[in-house]
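K.L.:
Dumping the structure here so I can ask a few things about it.
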Amino acid sequence: TAPYYKLWTVSPSILMENPLVLYTFDYFTPDSFVFGRSMFRDGGYNREYTCTRLYGGNPWAPMVCPTWNLSSVDDMLMLDYAFHQHNMYTYLAPLLNAQKPIFINQWQVAHKVLANASVGGYDYIRDVMSLAQELGIGWCWWNIAGSKLVGGSTAPIIHYANGTTRVMQGLVDALVPYFDQAGGPQNSDENRGLILGDRYQASAGFGSIEDGCEVDDSAAASHFDSAEQESC
C-alpha cells in the first residue's frame, strides 16, 4: 500500500527540473489478478469487477473511481485494455506532458495465471506492453530468474539447485517482442539472449539450454499447486 508504488499517486508536484531523474512506478494492477488470487479464481481478465475491487478498496478506490465518472465505487468496470489505457493516460499525464522519462519499476503475471489460457494472462501482458511501447515507457519484469516453479512464481528462467534450468518458453516469447522500444530487432536471437543470458546460444535457439530443458507454461500447470519441481 506504499503510495510511491501506485500509478495514481503521480501528480505535478513530483516534477523536478533535473533532466536525469527517472520517474518510476510499480504495476501490479489489479494485484488479485496478477498474483493469482481471487480475480484469477473468479474469471480472470476481460471480465467485469467492481471499481473498488479493481483498485484494492480503501484508500485508493475513493480516489481513483471518480475518474471513471462512476456513481459509486461499487459500479462495474471491465478489466481489459481500456482499463490499463485509462490508468496510464490519466495518471501519467503530468509526466508525459512534461516529456519526462518513465519506467515501470516492476510488474508481473504469476505462472499459474499464465498456465490457464481461459484466464487471459497473456492478453494482460500484451495489453500492458503495447501501451508501454506506445508511450515510450521502459519496464522491468519481476523477476527474471528464480529457483522454484510454483504457482506464485513469475520468473521466465528457473535455475534449480541441482544445476538444471527450466525455460518458461511461453512467457519468454510473450516478453521478447517488447524488449526493443525503438522498433529494432524483435523476436530475435539477440533479444532472447537478453533474457536467457550466457546459457543461451543463438545458433541453437532454445535447444542450447545446457543441462536443462524448455517447457511451455501450460505444460507445467499440473505442478503449480504442488511442491517445487527439482528437475525437468
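Simple scheme: letters A, B, ... for chains in C-alpha cells order, numbers from 1 for residues in each chain, numbers from 1 for ligands in the order shown.
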If we count only C-alpha atoms and set the cut-off at 8 Å, which residues sit around range 32-45 of chain A, ignoring sequence neighbours fewer than 2 positions away in its own chain? Please answer as a JSON list (two decimals) with N, CA, C and O atoms, in the first residue's frame.

P.N.:
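Generated output (selection21.json):
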[["chain", "number", "residue", "atom", "x", "y", "z"],
["A", 28, "PHE", "N", 1.35, -3.71, -10.40],
["A", 28, "PHE", "CA", 0.72, -4.98, -10.03],
["A", 28, "PHE", "C", -0.77, -4.72, -9.94],
["A", 28, "PHE", "O", -1.37, -4.77, -8.86],
["A", 29, "THR", "N", -1.38, -4.41, -11.08],
["A", 29, "THR", "CA", -2.74, -3.87, -11.09],
["A", 29, "THR", "C", -3.66, -4.63, -12.03],
["A", 29, "THR", "O", -3.38, -4.66, -13.24],
["A", 30, "PRO", "N", -4.73, -5.24, -11.46],
["A", 30, "PRO", "CA", -5.03, -5.40, -10.05],
["A", 30, "PRO", "C", -4.24, -6.56, -9.45],
["A", 30, "PRO", "O", -4.03, -7.58, -10.11],
["A", 47, "ARG", "N", -13.05, -9.44, -17.87],
["A", 47, "ARG", "CA", -14.26, -9.65, -17.09],
["A", 47, "ARG", "C", -14.56, -8.37, -16.33],
["A", 47, "ARG", "O", -13.70, -7.53, -16.12],
["A", 79, "LEU", "N", -12.09, -5.25, -16.75],
["A", 79, "LEU", "CA", -10.64, -5.40, -16.66],
["A", 79, "LEU", "C", -10.15, -5.82, -18.04],
["A", 79, "LEU", "O", -10.22, -6.99, -18.43],
["A", 80, "ASP", "N", -9.64, -4.87, -18.81],
["A", 80, "ASP", "CA", -9.22, -5.12, -20.19],
["A", 80, "ASP", "C", -8.25, -4.03, -20.62],
["A", 80, "ASP", "O", -7.74, -3.27, -19.78],
["A", 108, "GLN", "N", 4.32, -8.03, -13.21],
["A", 108, "GLN", "CA", 4.37, -9.48, -13.34],
["A", 108, "GLN", "C", 2.98, -10.05, -13.62],
["A", 108, "GLN", "O", 1.97, -9.37, -13.43],
["A", 109, "VAL", "N", 2.97, -11.30, -14.07],
["A", 109, "VAL", "CA", 1.77, -12.15, -14.04],
["A", 109, "VAL", "C", 2.27, -13.52, -13.57],
["A", 109, "VAL", "O", 3.21, -14.07, -14.14],
["A", 110, "ALA", "N", 1.65, -14.05, -12.53],
["A", 110, "ALA", "CA", 2.11, -15.31, -11.94],
["A", 110, "ALA", "C", 1.96, -16.47, -12.93],
["A", 110, "ALA", "O", 1.05, -16.49, -13.77],
["A", 112, "LYS", "N", 0.84, -19.46, -12.55],
["A", 112, "LYS", "CA", -0.43, -20.20, -12.52],
["A", 112, "LYS", "C", -1.53, -19.46, -13.28],
["A", 112, "LYS", "O", -2.47, -20.09, -13.77],
["A", 113, "VAL", "N", -1.40, -18.14, -13.41],
["A", 113, "VAL", "CA", -2.35, -17.38, -14.23],
["A", 113, "VAL", "C", -2.09, -17.65, -15.71],
["A", 113, "VAL", "O", -3.01, -17.88, -16.49],
["A", 118, "SER", "N", -7.75, -19.72, -20.44],
["A", 118, "SER", "CA", -9.04, -19.06, -20.35],
["A", 118, "SER", "C", -9.02, -17.86, -19.41],
["A", 118, "SER", "O", -9.92, -17.02, -19.44],
["A", 119, "VAL", "N", -8.00, -17.76, -18.57],
["A", 119, "VAL", "CA", -7.91, -16.67, -17.60],
["A", 119, "VAL", "C", -7.39, -15.38, -18.24],
["A", 119, "VAL", "O", -7.68, -14.28, -17.77],
["A", 120, "GLY", "N", -6.63, -15.48, -19.32],
["A", 120, "GLY", "CA", -6.22, -14.29, -20.07],
["A", 120, "GLY", "C", -4.95, -13.62, -19.63],
["A", 120, "GLY", "O", -4.76, -12.42, -19.87],
["A", 121, "GLY", "N", -4.03, -14.36, -19.01],
["A", 121, "GLY", "CA", -2.79, -13.76, -18.56],
["A", 121, "GLY", "C", -1.95, -13.19, -19.69],
["A", 121, "GLY", "O", -1.33, -12.12, -19.53],
["A", 123, "ASP", "N", -3.09, -12.09, -22.53],
["A", 123, "ASP", "CA", -3.77, -10.89, -23.01],
["A", 123, "ASP", "C", -3.39, -9.69, -22.14],
["A", 123, "ASP", "O", -3.18, -8.58, -22.65],
["A", 124, "TYR", "N", -3.29, -9.91, -20.85],
["A", 124, "TYR", "CA", -2.87, -8.86, -19.92],
["A", 124, "TYR", "C", -1.47, -8.37, -20.29],
["A", 124, "TYR", "O", -1.23, -7.16, -20.40],
["A", 151, "GLY", "N", 3.11, -21.94, -8.20],
["A", 151, "GLY", "CA", 2.08, -21.12, -8.79],
["A", 151, "GLY", "C", 2.30, -19.63, -8.71],
["A", 151, "GLY", "O", 2.00, -18.90, -9.63],
["A", 152, "GLY", "N", 2.84, -19.15, -7.59],
["A", 152, "GLY", "CA", 3.01, -17.73, -7.42],
["A", 152, "GLY", "C", 4.29, -17.18, -8.00],
["A", 152, "GLY", "O", 4.51, -15.97, -7.99]]

K.L.:
Looking only at the backbone, which of the residues in range 45-98 of chain A does DSSP tag as alpha helix (DSSP H), as a count of residues only?

P.N.:
25

K.L.:
Interatomic distance between CA of Ala161 in chain A and CA of Lys148 in chain A?

P.N.:
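Separating CA of Ala161 in chain A from CA of Lys148 in chain A is a distance of 9.3 Å.
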
K.L.:
Pick the closest to Ser72 in chain A from A:Met88, A:Cys140, A:Cys51, A:Met168: which is it, counting only C-alpha atoms?

P.N.:
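Answer, going by the shortest atom-to-atom distance: A:Cys51.
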
K.L.:
Between A:Val73, A:Ala155, A:Val10, A:Met129, which is the closest to His111 in chain A once you count only C-alpha atoms?

P.N.:
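Using only C-alpha atoms, the shortest distance to His111 in chain A belongs to A:Ala155.
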
K.L.:
Closest to Thr9 in chain A among A:Asn105, A:Ser71, A:Thr90, A:Asn46, using only C-alpha atoms?

P.N.:
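Nearest candidate to Thr9 in chain A out of A:Asn105, A:Ser71, A:Thr90, A:Asn46: A:Thr90.
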
K.L.:
May I have the residues within 7 Å of range 21-27 of chain A as a PyMOL selection string, using only C-alpha atoms and disregarding those fewer than 5 positions away in the same chain?

P.N.:
chain A and resi 4-7+101-107

K.L.:
Let me see the file: selected residues, C-alpha atoms, as a PDB file, in the first residue's frame.

P.N.:
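What landed in selection21.pdb:
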ATOM      1  CA  TYR A   4       5.077   5.613  -4.146  1.00  0.00           C
ATOM      2  CA  TYR A   5       4.198   2.259  -5.714  1.00  0.00           C
ATOM      3  CA  LYS A   6       0.880   3.493  -7.040  1.00  0.00           C
ATOM      4  CA  LEU A   7       0.485   4.910 -10.529  1.00  0.00           C
ATOM      5  CA  PRO A 101      11.440   9.541 -18.697  1.00  0.00           C
ATOM      6  CA  ILE A 102       9.112   6.921 -17.183  1.00  0.00           C
ATOM      7  CA  PHE A 103       9.876   3.385 -16.064  1.00  0.00           C
ATOM      8  CA  ILE A 104       7.676   0.547 -14.769  1.00  0.00           C
ATOM      9  CA  ASN A 105       9.901  -0.478 -11.892  1.00  0.00           C
ATOM     10  CA  GLN A 106       8.359  -3.942 -11.648  1.00  0.00           C
ATOM     11  CA  TRP A 107       5.340  -5.834 -12.925  1.00  0.00           C
TER      12      TRP A 107
END

K.L.:
Measuring atom to atom with only C-alpha atoms, identify which of A:His159, A:Tyr178, A:Gly170, A:Leu77 is nearest to Arg126 in chain A.

P.N.:
A:Tyr178

K.L.:
Measure the distance from CA of Gln85 in chain A to CA of Tyr122 in chain A in Å and round it to one decimal.

P.N.:
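Straight-line distance from CA of Gln85 in chain A to CA of Tyr122 in chain A works out to 16.6 Å.
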